[in-house]
Amino acid sequence: MHDVNNELQNRCMDLRAEGYPVDHLQKYGSMLPQVVVQQRDSAFAEFHKLADKVPPHENVDVGALILECIADSETRADFRARLYEEAIRRAEWCVSLATTAGEEYPGSRHLERLREKQKSMQK
């Protein structure tokens with residue numbers, strides 16, 4: 001089984017060393033489950049705005065990984081579905097940036113994993 005938390009921490013460590021604001025992004029992401037339903041759209045918009053300031057790491061979007069980690073531990077099915085949906089949007093964007101098949105591969109694997117998780121919720 002893939003350890004998403006470990007992957008996230010490793011990628012964040014590398015990005016942090018390059019000077020990118022991943023700590024702030026992780027902290028903001030960790031607050032998303034506490035946001036009231038009426039404010040979720042604006043909270044996700046702000047998360048995406050912050051995540052857009054961090055480049056993909058080896059063609060995997062760290063913002064998508066953060067959302068995936070939160071979703072994996074979320075107990076509310078509706079909110080977990082929203083988290084996966086938002087993560088998929090970010091992962092699709094990241095894959096679209098790849099210029100070669102080799103660059104696309106890690107991002108494509110991540111996107112596939114997210115879609116599988118989303119699909120398993122619909123069973």
# chains A, B, ... in the order shown; residues from 1 in each chain; ligands from 1
$ closest_atom_pairs --of "segment 47-66 of chain A" --to "segment 22-33 of chain A" --cutoff "10 Å" --atoms "only C-alpha atoms" --output "JSON lines"
{"residue": "A:Phe47", "atom": "CA", "partner": "A:Gly29", "partner_atom": "CA", "distance": 6.7}
{"residue": "A:His48", "atom": "CA", "partner": "A:Leu25", "partner_atom": "CA", "distance": 9.3}
{"residue": "A:Lys49", "atom": "CA", "partner": "A:Leu25", "partner_atom": "CA", "distance": 9.7}
{"residue": "A:Leu50", "atom": "CA", "partner": "A:Leu25", "partner_atom": "CA", "distance": 6.2}
{"residue": "A:Ala51", "atom": "CA", "partner": "A:Leu25", "partner_atom": "CA", "distance": 6.4}
{"residue": "A:Asp52", "atom": "CA", "partner": "A:Leu25", "partner_atom": "CA", "distance": 9.9}
{"residue": "A:Lys53", "atom": "CA", "partner": "A:Val22", "partner_atom": "CA", "distance": 9.1}
{"residue": "A:Val54", "atom": "CA", "partner": "A:Val22", "partner_atom": "CA", "distance": 7.1}
{"residue": "A:Val62", "atom": "CA", "partner": "A:Val22", "partner_atom": "CA", "distance": 8.2}
{"residue": "A:Gly63", "atom": "CA", "partner": "A:Leu25", "partner_atom": "CA", "distance": 7.6}
{"residue": "A:Leu65", "atom": "CA", "partner": "A:Gln26", "partner_atom": "CA", "distance": 9.9}
{"residue": "A:Ile66", "atom": "CA", "partner": "A:Gln26", "partner_atom": "CA", "distance": 6.7}
$ write_last_selection --atoms "N, CA and C atoms" --output "tab-separated table (two decimals), in the first residue's frame"
chain	number	residue	atom	x	y	z
A	47	PHE	N	-7.13	27.92	-0.53
A	47	PHE	CA	-6.15	26.83	-0.53
A	47	PHE	C	-5.49	26.72	-1.90
A	48	HIS	N	-6.29	26.74	-2.97
A	48	HIS	CA	-5.74	26.63	-4.32
A	48	HIS	C	-4.82	27.80	-4.65
A	49	LYS	N	-5.18	28.96	-4.19
A	49	LYS	CA	-4.35	30.15	-4.40
A	49	LYS	C	-2.98	29.96	-3.74
A	50	LEU	N	-2.97	29.45	-2.53
A	50	LEU	CA	-1.71	29.18	-1.83
A	50	LEU	C	-0.94	28.05	-2.50
A	51	ALA	N	-1.65	27.01	-2.89
A	51	ALA	CA	-1.00	25.84	-3.52
A	51	ALA	C	-0.39	26.21	-4.87
A	52	ASP	N	-0.98	27.16	-5.56
A	52	ASP	CA	-0.45	27.58	-6.86
A	52	ASP	C	0.92	28.24	-6.74
A	53	LYS	N	1.30	28.65	-5.55
A	53	LYS	CA	2.61	29.28	-5.33
A	53	LYS	C	3.71	28.25	-5.15
A	54	VAL	N	3.34	26.97	-5.07
A	54	VAL	CA	4.31	25.90	-4.89
A	54	VAL	C	4.33	25.07	-6.18
A	62	VAL	N	1.87	19.08	-4.75
A	62	VAL	CA	1.86	18.92	-3.30
A	62	VAL	C	0.49	19.30	-2.73
A	63	GLY	N	-0.15	20.29	-3.32
A	63	GLY	CA	-1.50	20.65	-2.87
A	63	GLY	C	-2.45	19.48	-2.99
A	65	LEU	N	-1.59	16.33	-2.92
A	65	LEU	CA	-1.20	15.36	-1.89
A	65	LEU	C	-1.75	15.75	-0.52
A	66	ILE	N	-1.70	17.03	-0.21
A	66	ILE	CA	-2.23	17.50	1.08
A	66	ILE	C	-3.72	17.19	1.17
$ closest_atom_pairs --of "segment 49-80 of chain A" --to "segment 6-14 of chain A" --cutoff "12 Å" --atoms "only C-alpha atoms" --output "Markdown table"
| residue | atom | partner | partner_atom | distance |
| --- | --- | --- | --- | --- |
| A:Val54 | CA | A:Cys12 | CA | 9.9 |
| A:Pro55 | CA | A:Arg11 | CA | 11.0 |
| A:Pro56 | CA | A:Arg11 | CA | 9.4 |
| A:His57 | CA | A:Arg11 | CA | 6.5 |
| A:Glu58 | CA | A:Arg11 | CA | 8.7 |
| A:Asn59 | CA | A:Arg11 | CA | 10.8 |
| A:Val60 | CA | A:Arg11 | CA | 8.9 |
| A:Asp61 | CA | A:Arg11 | CA | 9.4 |
| A:Val62 | CA | A:Leu8 | CA | 6.9 |
| A:Gly63 | CA | A:Leu8 | CA | 9.4 |
| A:Ala64 | CA | A:Leu8 | CA | 9.6 |
| A:Leu65 | CA | A:Leu8 | CA | 6.1 |
| A:Ile66 | CA | A:Leu8 | CA | 7.0 |
| A:Leu67 | CA | A:Leu8 | CA | 10.3 |
| A:Glu68 | CA | A:Leu8 | CA | 9.6 |
| A:Cys69 | CA | A:Leu8 | CA | 8.2 |
| A:Ile70 | CA | A:Leu8 | CA | 11.3 |
$ select_by_dssp --residues "chain A" --states "helix (DSSP H, G or I)" --output "JSON, numbers by chain"
{"A": [4, 5, 6, 7, 8, 9, 10, 11, 12, 13, 14, 15, 16, 17, 22, 23, 24, 25, 26, 27, 28, 29, 30, 31, 32, 33, 34, 37, 38, 39, 40, 41, 42, 43, 44, 45, 46, 47, 48, 49, 50, 51, 62, 63, 64, 65, 66, 67, 68, 69, 70, 71, 72, 73, 77, 78, 79, 80, 81, 82, 83, 84, 85, 86, 87, 88, 89, 90, 91, 92, 93, 94, 95, 96, 97, 101, 102, 103, 104, 105, 106, 107, 108, 109, 110, 111, 112, 113, 114, 115, 116, 117, 118, 119, 120, 121]}
$ atom_distance --atom1 "atom CA of Trp93 of chain A" --atom2 "atom CA of Arg76 of chain A"
26.0 Å
$ closest_residue --among "A:His110, A:Phe79, A:Asp3, A:Phe44" --to "Glu92 of chain A" --atoms "only C-alpha atoms"
A:His110
$ closest_residue --among "A:Gln39, A:Leu114, A:Val4, A:Met121" --to "Ile88 of chain A" --atoms "only C-alpha atoms"
A:Leu114
$ closest_residue --among "A:Cys94, A:Gly107, A:Glu74, A:Arg115" --to "Gln34 of chain A" --atoms "only C-alpha atoms"
A:Glu74
$ closest_residue --among "A:Arg113, A:Ala71, A:Arg16, A:Ala77" --to "Ala91 of chain A" --atoms "only C-alpha atoms"
A:Arg113
